[in-house]
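Visitor: File entry.pdb follows (PDB, C-alpha atoms):
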```pdb
ATOM      1  CA  MET Y   8       0.000   0.000   0.000
ATOM      2  CA  ALA Y   9       1.292   3.435  -0.893
ATOM      3  CA  THR Y  10       1.998   5.872   1.879
ATOM      4  CA  ILE Y  11      -0.454   8.693   2.264
ATOM      5  CA  SER Y  12       0.343  12.295   3.098
ATOM      6  CA  ARG Y  13      -0.837  14.114   6.198
ATOM      7  CA  ASN Y  14      -3.236  16.090   4.015
ATOM      8  CA  GLU Y  15      -4.717  12.934   2.545
ATOM      9  CA  GLN Y  16      -5.050  11.446   6.029
ATOM     10  CA  ARG Y  17      -6.933  14.579   7.143
ATOM     11  CA  ILE Y  18      -9.230  14.326   4.120
ATOM     12  CA  ASN Y  19      -9.748  10.615   4.795
ATOM     13  CA  ASN Y  20     -10.585  11.415   8.425
ATOM     14  CA  LEU Y  21     -13.103  14.025   7.259
ATOM     15  CA  CYS Y  22     -14.722  11.408   5.015
ATOM     16  CA  ILE Y  23     -14.767   8.810   7.791
ATOM     17  CA  SER Y  24     -16.133  11.273  10.366
ATOM     18  CA  ASN Y  25     -19.047  11.889   7.992
ATOM     19  CA  GLY Y  26     -19.636   8.137   7.676
ATOM     20  CA  PHE Y  27     -17.951   7.441   4.325
ATOM     21  CA  GLU Y  28     -15.156   5.315   2.999
ATOM     22  CA  PRO Y  29     -12.640   7.711   1.408
ATOM     23  CA  LYS Y  30     -12.269   5.505  -1.681
ATOM     24  CA  ASP Y  31     -16.037   5.580  -2.239
ATOM     25  CA  VAL Y  32     -16.056   9.384  -1.973
ATOM     26  CA  CYS Y  33     -13.215   9.560  -4.487
ATOM     27  CA  ASP Y  34     -14.840   7.124  -6.934
ATOM     28  CA  LEU Y  35     -18.266   8.781  -6.844
ATOM     29  CA  THR Y  36     -16.878  12.311  -7.108
ATOM     30  CA  LYS Y  37     -14.605  11.363 -10.007
ATOM     31  CA  LEU Y  38     -17.537   9.754 -11.804
ATOM     32  CA  LEU Y  39     -19.676  12.868 -11.329
ATOM     33  CA  LEU Y  40     -16.859  15.200 -12.443
ATOM     34  CA  GLU Y  41     -16.207  13.150 -15.579
ATOM     35  CA  HIS Y  42     -19.891  13.159 -16.406
ATOM     36  CA  TYR Y  43     -20.108  16.899 -15.792
ATOM     37  CA  ARG Y  44     -17.137  17.494 -18.112
ATOM     38  CA  SER Y  45     -18.719  15.364 -20.851
ATOM     39  CA  GLY Y  46     -21.628  17.829 -20.892
ATOM     40  CA  PHE Y  47     -19.316  20.528 -22.276
ATOM     41  CA  GLU Y  48     -19.570  18.841 -25.673
ATOM     42  CA  ILE Y  49     -23.361  19.176 -25.883
ATOM     43  CA  PRO Y  50     -24.459  22.251 -27.852
ATOM     44  CA  GLN Y  51     -26.594  24.723 -25.898
ATOM     45  CA  LEU Y  52     -29.372  24.139 -28.429
ATOM     46  CA  PHE Y  53     -29.911  20.634 -27.001
ATOM     47  CA  LYS Y  54     -29.901  21.666 -23.350
ATOM     48  CA  ILE Y  55     -33.118  22.188 -21.428
ATOM     49  CA  ASN Y  56     -33.872  25.781 -20.422
ATOM     50  CA  LEU Y  57     -35.620  26.051 -17.072
ATOM     51  CA  ASP Y  58     -37.385  29.001 -15.486
ATOM     52  CA  SER Y  59     -36.514  30.032 -11.912
ATOM     53  CA  ASP Y  60     -39.020  27.575 -10.396
ATOM     54  CA  GLY Y  61     -37.626  24.783 -12.562
ATOM     55  CA  ILE Y  62     -34.077  25.614 -11.488
ATOM     56  CA  ARG Y  63     -35.114  25.638  -7.814
ATOM     57  CA  ASP Y  64     -36.826  22.254  -8.218
ATOM     58  CA  GLN Y  65     -33.809  20.889 -10.098
ATOM     59  CA  LYS Y  66     -31.462  22.058  -7.328
ATOM     60  CA  ILE Y  67     -33.572  20.414  -4.631
ATOM     61  CA  SER Y  68     -33.939  17.180  -6.587
ATOM     62  CA  MET Y  69     -30.260  16.948  -7.511
ATOM     63  CA  ARG Y  70     -29.141  17.792  -3.971
ATOM     64  CA  ARG Y  71     -31.324  15.055  -2.485
ATOM     65  CA  ASP Y  72     -30.216  12.542  -5.112
ATOM     66  CA  PHE Y  73     -26.571  13.468  -4.453
ATOM     67  CA  LEU Y  74     -26.996  13.029  -0.700
ATOM     68  CA  GLU Y  75     -28.626   9.624  -1.219
ATOM     69  CA  ALA Y  76     -25.987   8.561  -3.762
ATOM     70  CA  MET Y  77     -23.261   9.475  -1.265
ATOM     71  CA  ARG Y  78     -24.908   7.501   1.532
ATOM     72  CA  LEU Y  79     -25.209   4.300  -0.506
ATOM     73  CA  PRO Y  80     -22.467   2.046  -1.854
ATOM     74  CA  LEU Y  81     -21.648   3.033  -5.442
ATOM     75  CA  LYS Y  82     -23.229  -0.137  -6.868
ATOM     76  CA  GLU Y  83     -26.500   0.576  -5.056
ATOM     77  CA  SER Y  84     -26.704   4.251  -5.966
ATOM     78  CA  THR Y  85     -27.350   3.830  -9.702
ATOM     79  CA  GLU Y  86     -30.968   5.024  -9.486
ATOM     80  CA  TYR Y  87     -29.864   8.305  -7.916
ATOM     81  CA  LEU Y  88     -26.840   8.643 -10.189
ATOM     82  CA  ASP Y  89     -28.978   8.122 -13.289
ATOM     83  CA  ARG Y  90     -31.202  11.024 -12.260
ATOM     84  CA  ILE Y  91     -28.195  13.190 -11.446
ATOM     85  CA  PHE Y  92     -26.613  12.353 -14.815
ATOM     86  CA  GLN Y  93     -29.816  13.284 -16.653
ATOM     87  CA  ASN Y  94     -29.779  16.728 -15.048
ATOM     88  CA  LEU Y  95     -26.047  17.364 -14.754
ATOM     89  CA  ARG Y  96     -25.376  18.084 -18.410
ATOM     90  CA  ASP Y  97     -28.187  20.657 -18.566
ATOM     91  CA  CYS Y  98     -27.335  22.201 -15.240
ATOM     92  CA  THR Y  99     -26.274  25.803 -15.848
ATOM     93  CA  TRP Y 100     -25.993  26.646 -12.135
ATOM     94  CA  MET Y 101     -23.717  23.746 -11.096
ATOM     95  CA  ARG Y 102     -20.488  25.489 -12.091
ATOM     96  CA  SER Y 103     -21.130  28.328  -9.639
ATOM     97  CA  VAL Y 104     -21.683  25.806  -6.820
ATOM     98  CA  ILE Y 105     -18.478  23.940  -7.693
ATOM     99  CA  ASP Y 106     -16.555  27.232  -7.917
ATOM    100  CA  MET Y 107     -17.875  28.341  -4.527
ATOM    101  CA  VAL Y 108     -16.844  25.056  -2.889
ATOM    102  CA  LEU Y 109     -13.439  25.216  -4.616
ATOM    103  CA  GLU Y 110     -12.923  28.748  -3.267
ATOM    104  CA  LYS Y 111     -13.582  27.444   0.251
ATOM    105  CA  ILE Y 112     -11.145  24.592  -0.356
ATOM    106  CA  ALA Y 113      -8.518  27.018  -1.693
ATOM    107  CA  GLY Y 114      -8.834  29.170   1.406
ATOM    108  CA  GLY Y 115      -9.014  26.328   3.883
ATOM    109  CA  THR Y 116      -5.793  24.345   3.602
ATOM    110  CA  GLY Y 117      -2.210  24.809   2.472
ATOM    111  CA  GLU Y 118      -2.783  22.578  -0.533
ATOM    112  CA  GLY Y 119      -6.173  24.139  -1.302
ATOM    113  CA  ASP Y 120      -4.987  26.343  -4.166
ATOM    114  CA  LEU Y 121      -3.319  23.342  -5.804
ATOM    115  CA  TYR Y 122      -6.448  21.218  -5.327
ATOM    116  CA  LYS Y 123      -8.505  23.961  -6.964
ATOM    117  CA  ARG Y 124      -6.147  24.183  -9.967
ATOM    118  CA  ILE Y 125      -6.169  20.405 -10.339
ATOM    119  CA  ILE Y 126      -9.974  20.161 -10.375
ATOM    120  CA  GLU Y 127     -10.243  23.106 -12.770
ATOM    121  CA  ASN Y 128      -7.586  21.787 -15.152
ATOM    122  CA  TYR Y 129      -8.743  18.174 -15.203
ATOM    123  CA  TYR Y 130     -12.519  18.475 -14.923
ATOM    124  CA  LEU Y 131     -13.832  21.999 -15.433
ATOM    125  CA  ASN Y 132     -12.375  22.703 -18.860
ATOM    126  CA  SER Y 133     -13.423  21.017 -22.079
ATOM    127  CA  GLU Y 134      -9.758  20.260 -22.804
ATOM    128  CA  SER Y 135      -8.158  18.721 -19.728
ATOM    129  CA  ILE Y 136      -4.390  18.661 -19.468
ATOM    130  CA  SER Y 137      -2.200  15.598 -19.009
ATOM    131  CA  ASN Y 138      -0.497  14.574 -15.783
ATOM    132  CA  GLU Y 139       2.847  15.452 -17.359
ATOM    133  CA  GLU Y 140       1.698  18.977 -18.252
ATOM    134  CA  MET Y 141       0.249  19.484 -14.786
ATOM    135  CA  ALA Y 142       3.429  18.126 -13.164
ATOM    136  CA  ARG Y 143       5.563  20.558 -15.176
ATOM    137  CA  ALA Y 144       3.271  23.497 -14.396
ATOM    138  CA  GLU Y 145       3.298  22.733 -10.658
ATOM    139  CA  ASN Y 146       6.946  21.614 -10.531
ATOM    140  CA  LEU Y 147       5.954  18.221  -9.098
ATOM    141  CA  SER Y 148       6.444  14.629 -10.193
ATOM    142  CA  THR Y 149       3.645  12.858 -12.056
ATOM    143  CA  ALA Y 150       3.269  10.505  -9.066
ATOM    144  CA  SER Y 151       2.787  13.532  -6.796
ATOM    145  CA  ILE Y 152       0.222  14.976  -9.190
ATOM    146  CA  GLU Y 153      -1.697  11.668  -9.196
ATOM    147  CA  ARG Y 154      -1.717  11.665  -5.391
ATOM    148  CA  LYS Y 155      -2.744  15.330  -5.223
ATOM    149  CA  LYS Y 156      -5.485  14.692  -7.789
ATOM    150  CA  ARG Y 157      -6.871  11.872  -5.629
ATOM    151  CA  GLU Y 158      -6.753  14.175  -2.586
ATOM    152  CA  ALA Y 159      -8.428  17.017  -4.502
ATOM    153  CA  ILE Y 160     -11.228  14.777  -5.774
ATOM    154  CA  LYS Y 161     -11.937  13.368  -2.307
ATOM    155  CA  TYR Y 162     -11.808  16.799  -0.706
ATOM    156  CA  LEU Y 163     -14.165  18.251  -3.301
ATOM    157  CA  GLY Y 164     -16.559  15.319  -2.865
ATOM    158  CA  ILE Y 165     -16.773  15.514   0.908
ATOM    159  CA  SER Y 166     -16.937  19.323   0.763
ATOM    160  CA  MET Y 167     -19.824  19.140  -1.722
ATOM    161  CA  TYR Y 168     -21.542  16.653   0.603
ATOM    162  CA  ILE Y 169     -21.138  18.977   3.599
ATOM    163  CA  TYR Y 170     -22.413  21.911   1.525
ATOM    164  CA  ALA Y 171     -25.435  19.874   0.335
ATOM    165  CA  CYS Y 172     -26.217  18.838   3.931
ATOM    166  CA  CYS Y 173     -26.098  22.470   5.057
ATOM    167  CA  ARG Y 174     -28.374  23.570   2.209
ATOM    168  CA  GLU Y 175     -30.800  20.737   2.981
ATOM    169  CA  GLN Y 176     -30.906  21.786   6.646
ATOM    170  CA  GLU Y 177     -31.475  25.427   5.651
ATOM    171  CA  GLU Y 178     -34.409  24.337   3.469
ATOM    172  CA  ARG Y 179     -35.901  22.328   6.343
ATOM    173  CA  ASP Y 180     -35.505  25.251   8.733
ATOM    174  CA  GLN Y 181     -37.101  27.611   6.214
ATOM    175  CA  TYR Y 182     -39.996  25.181   5.736
ATOM    176  CA  ASP Y 183     -40.451  24.851   9.509
ATOM    177  CA  ARG Y 184     -40.508  28.644   9.957
ATOM    178  CA  ALA Y 185     -43.101  28.993   7.189
ATOM    179  CA  ARG Y 186     -45.490  26.539   8.876
TER     180      ARG Y 186
END
```
Rewrite the coordinates I just gave you, this time as structure tokens.

Guide:
Amino acid sequence: MATISRNEQRINNLCISNGFEPKDVCDLTKLLLEHYRSGFEIPQLFKINLDSDGIRDQKISMRRDFLEAMRLPLKESTEYLDRIFQNLRDCTWMRSVIDMVLEKIAGGTGEGDLYKRIIENYYLNSESISNEEMARAENLSTASIERKKREAIKYLGISMYIYACCREQEERDQYDRAR
């Protein structure tokens, strides 16, 4: 087994403290990021345009599906993932959520800026760069970049989960106040 850095151990502990296996968080997040990136190739003409109520409903639905997909083993979460995948490519608001979470990551740990650049370069651009290009740009070895990419993916995944939980709680509180 490869050694893991202190940062990766902290990220793993964050995953575990929220009830998740770090590898599962990494696998699910990577799958979602790859699917999100594949939506860049779809012309805007073929994407669904939603009004503000439709966007609100889509956000609620996708958030709940994401929370359920995270809670289940990857093999058992296909129903939720299928619904997320159907919406993810048409989701115009998702980039702002990812960017907001990445900004928090960048400001929250010493490696945060690097994690943000890795996610942006590999998953948030239509043309991702190779490990070799990223290693040269960051003055790191390709093995270090692979490790940092794994850390960045896990950290983004658990951070998105925490954000989704907070938003879900805010919605419940708002509903309770309205009653």

Visitor: Please identify all polymer residues within 8 Å of segment 10-18 of chain Y, counting only C-alpha atoms, omitting same-chain residues fewer than 6 positions from it, and present them as a list in words.

Guide: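 The residues satisfying every condition are Pro29, Glu118, Glu158, Lys161 and Tyr162 of chain Y.
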
Visitor: In Å, how far is it from atom CA of Ile91 of chain Y to atom CA of Ala171 of chain Y?

Guide: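 Those two atoms sit 13.8 Å apart.
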
Visitor: What gap, in Å, lies between atom CA of Lys30 of chain Y and atom CA of Arg157 of chain Y?

Guide: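 Distance reported for this atom pair: 9.2 Å.
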
Visitor: Using all atoms listed in the file, what residues lie at most 7 Å away from (-24.1, 14.2, -17.7) (file coordinates), given as a ChimeraX atom specification?

Guide: /Y:42-43,45-46,92-96

Visitor: Using the chain letters and numbers from the file, give me the residues hit by the PyMOL selection byres ((chain Y and resi 103-110) around 8), as an NGL selection string.

Guide: :Y and (100-102 or 111-114 or 123 or 163 or 166-167 or 170)

Visitor: Starting from the PyMOL selection byres ((chain Y and resi 60-74) around 9), expand the selection into actual residues of this file and give them as a compact mmCIF listing (two decimals) with C-alpha atoms, in the frame of the given file.

Guide:
```txt
# COMPACT_ATOMS: atom_id res chain seq x y z
CA ASN Y 56 -33.87 25.78 -20.42
CA LEU Y 57 -35.62 26.05 -17.07
CA ASP Y 58 -37.38 29.00 -15.49
CA SER Y 59 -36.51 30.03 -11.91
CA GLU Y 75 -28.63 9.62 -1.22
CA ALA Y 76 -25.99 8.56 -3.76
CA MET Y 77 -23.26 9.48 -1.26
CA ARG Y 78 -24.91 7.50 1.53
CA LEU Y 79 -25.21 4.30 -0.51
CA GLU Y 86 -30.97 5.02 -9.49
CA TYR Y 87 -29.86 8.30 -7.92
CA LEU Y 88 -26.84 8.64 -10.19
CA ARG Y 90 -31.20 11.02 -12.26
CA ILE Y 91 -28.20 13.19 -11.45
CA ASN Y 94 -29.78 16.73 -15.05
CA LEU Y 95 -26.05 17.36 -14.75
CA CYS Y 98 -27.34 22.20 -15.24
CA THR Y 99 -26.27 25.80 -15.85
CA TRP Y 100 -25.99 26.65 -12.14
CA MET Y 101 -23.72 23.75 -11.10
CA TYR Y 168 -21.54 16.65 0.60
CA ALA Y 171 -25.44 19.87 0.34
CA CYS Y 172 -26.22 18.84 3.93
CA ARG Y 174 -28.37 23.57 2.21
CA GLU Y 175 -30.80 20.74 2.98
```

Visitor: Counting only C-alpha atoms, figure out which residue out of Y:Gln176, Y:Asn20, Y:Asn128, Y:Gln181 gets nearest to Lys156 of chain Y.

Guide: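 Nearest to Lys156 of chain Y: Y:Asn128.
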
Visitor: (-1.7, 23.0, -17.1) in this file's frame - what residues fall within 12 Å of it? Use only C-alpha atoms and give the answer as a PyMOL selection string.

Guide: chain Y and resi 121+124-130+132+134-146+152

Visitor: Would you compute the distance between atom CA of Ser24 of chain Y and atom CA of Lys82 of chain Y? Give it in Å to one decimal.

Guide: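 Between atom CA of Ser24 of chain Y and atom CA of Lys82 of chain Y the gap is 21.9 Å.
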
Visitor: Around all of segment 18-29 of chain Y's listed atoms, make the axis-aligned box with 8 Å on each side and tell me centre and edge lengths in Å to one decimal, as JSON.

Guide:
```
{"center_x": -14.4, "center_y": 9.8, "center_z": 5.9, "size_x": 26.4, "size_y": 25.0, "size_z": 25.0}
```

Visitor: With N, CA and C atoms as the target, complete segment 22-45 of chain Y and hand it back as a PDB file, keeping the file's coordinate frame.

Guide:
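For reference, selection.pdb as written:
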```pdb
ATOM      1  N   CYS Y  22     -13.770  12.334   5.648  1.00  0.00           N
ATOM      2  CA  CYS Y  22     -14.722  11.408   5.015  1.00  0.00           C
ATOM      3  C   CYS Y  22     -15.268  10.422   6.045  1.00  0.00           C
ATOM      4  N   ILE Y  23     -14.376   9.815   6.804  1.00  0.00           N
ATOM      5  CA  ILE Y  23     -14.767   8.810   7.791  1.00  0.00           C
ATOM      6  C   ILE Y  23     -15.658   9.423   8.867  1.00  0.00           C
ATOM      7  N   SER Y  24     -15.325  10.638   9.317  1.00  0.00           N
ATOM      8  CA  SER Y  24     -16.133  11.273  10.366  1.00  0.00           C
ATOM      9  C   SER Y  24     -17.542  11.605   9.879  1.00  0.00           C
ATOM     10  N   ASN Y  25     -17.714  11.673   8.562  1.00  0.00           N
ATOM     11  CA  ASN Y  25     -19.047  11.889   7.992  1.00  0.00           C
ATOM     12  C   ASN Y  25     -19.704  10.572   7.575  1.00  0.00           C
ATOM     13  N   GLY Y  26     -19.047   9.450   7.902  1.00  0.00           N
ATOM     14  CA  GLY Y  26     -19.636   8.137   7.676  1.00  0.00           C
ATOM     15  C   GLY Y  26     -19.327   7.507   6.331  1.00  0.00           C
ATOM     16  N   PHE Y  27     -18.256   7.948   5.664  1.00  0.00           N
ATOM     17  CA  PHE Y  27     -17.951   7.441   4.325  1.00  0.00           C
ATOM     18  C   PHE Y  27     -16.569   6.826   4.241  1.00  0.00           C
ATOM     19  N   GLU Y  28     -16.455   5.847   3.359  1.00  0.00           N
ATOM     20  CA  GLU Y  28     -15.156   5.315   2.999  1.00  0.00           C
ATOM     21  C   GLU Y  28     -14.512   6.304   2.036  1.00  0.00           C
ATOM     22  N   PRO Y  29     -13.288   6.740   2.295  1.00  0.00           N
ATOM     23  CA  PRO Y  29     -12.640   7.711   1.408  1.00  0.00           C
ATOM     24  C   PRO Y  29     -12.585   7.272  -0.053  1.00  0.00           C
ATOM     25  N   LYS Y  30     -12.331   5.988  -0.296  1.00  0.00           N
ATOM     26  CA  LYS Y  30     -12.269   5.505  -1.681  1.00  0.00           C
ATOM     27  C   LYS Y  30     -13.615   5.671  -2.375  1.00  0.00           C
ATOM     28  N   ASP Y  31     -14.702   5.416  -1.655  1.00  0.00           N
ATOM     29  CA  ASP Y  31     -16.037   5.580  -2.239  1.00  0.00           C
ATOM     30  C   ASP Y  31     -16.309   7.041  -2.586  1.00  0.00           C
ATOM     31  N   VAL Y  32     -15.888   7.949  -1.703  1.00  0.00           N
ATOM     32  CA  VAL Y  32     -16.056   9.384  -1.973  1.00  0.00           C
ATOM     33  C   VAL Y  32     -15.282   9.756  -3.232  1.00  0.00           C
ATOM     34  N   CYS Y  33     -14.055   9.267  -3.327  1.00  0.00           N
ATOM     35  CA  CYS Y  33     -13.215   9.560  -4.487  1.00  0.00           C
ATOM     36  C   CYS Y  33     -13.843   9.011  -5.765  1.00  0.00           C
ATOM     37  N   ASP Y  34     -14.270   7.759  -5.736  1.00  0.00           N
ATOM     38  CA  ASP Y  34     -14.840   7.124  -6.934  1.00  0.00           C
ATOM     39  C   ASP Y  34     -16.109   7.832  -7.402  1.00  0.00           C
ATOM     40  N   LEU Y  35     -17.009   8.126  -6.479  1.00  0.00           N
ATOM     41  CA  LEU Y  35     -18.266   8.781  -6.844  1.00  0.00           C
ATOM     42  C   LEU Y  35     -18.018  10.193  -7.370  1.00  0.00           C
ATOM     43  N   THR Y  36     -17.159  10.934  -6.689  1.00  0.00           N
ATOM     44  CA  THR Y  36     -16.878  12.311  -7.108  1.00  0.00           C
ATOM     45  C   THR Y  36     -16.216  12.331  -8.476  1.00  0.00           C
ATOM     46  N   LYS Y  37     -15.281  11.430  -8.701  1.00  0.00           N
ATOM     47  CA  LYS Y  37     -14.605  11.363 -10.007  1.00  0.00           C
ATOM     48  C   LYS Y  37     -15.613  11.044 -11.107  1.00  0.00           C
ATOM     49  N   LEU Y  38     -16.499  10.117 -10.839  1.00  0.00           N
ATOM     50  CA  LEU Y  38     -17.537   9.754 -11.804  1.00  0.00           C
ATOM     51  C   LEU Y  38     -18.421  10.960 -12.132  1.00  0.00           C
ATOM     52  N   LEU Y  39     -18.833  11.688 -11.114  1.00  0.00           N
ATOM     53  CA  LEU Y  39     -19.676  12.868 -11.329  1.00  0.00           C
ATOM     54  C   LEU Y  39     -18.923  13.963 -12.086  1.00  0.00           C
ATOM     55  N   LEU Y  40     -17.653  14.184 -11.742  1.00  0.00           N
ATOM     56  CA  LEU Y  40     -16.859  15.200 -12.443  1.00  0.00           C
ATOM     57  C   LEU Y  40     -16.660  14.843 -13.911  1.00  0.00           C
ATOM     58  N   GLU Y  41     -16.387  13.575 -14.185  1.00  0.00           N
ATOM     59  CA  GLU Y  41     -16.207  13.150 -15.579  1.00  0.00           C
ATOM     60  C   GLU Y  41     -17.500  13.317 -16.364  1.00  0.00           C
ATOM     61  N   HIS Y  42     -18.602  13.002 -15.733  1.00  0.00           N
ATOM     62  CA  HIS Y  42     -19.891  13.159 -16.406  1.00  0.00           C
ATOM     63  C   HIS Y  42     -20.202  14.637 -16.632  1.00  0.00           C
ATOM     64  N   TYR Y  43     -19.897  15.455 -15.659  1.00  0.00           N
ATOM     65  CA  TYR Y  43     -20.108  16.899 -15.792  1.00  0.00           C
ATOM     66  C   TYR Y  43     -19.277  17.437 -16.966  1.00  0.00           C
ATOM     67  N   ARG Y  44     -18.017  17.034 -17.027  1.00  0.00           N
ATOM     68  CA  ARG Y  44     -17.137  17.494 -18.112  1.00  0.00           C
ATOM     69  C   ARG Y  44     -17.651  17.040 -19.472  1.00  0.00           C
ATOM     70  N   SER Y  45     -18.223  15.854 -19.558  1.00  0.00           N
ATOM     71  CA  SER Y  45     -18.719  15.364 -20.851  1.00  0.00           C
ATOM     72  C   SER Y  45     -19.868  16.225 -21.371  1.00  0.00           C
TER      73      SER Y  45
END
```
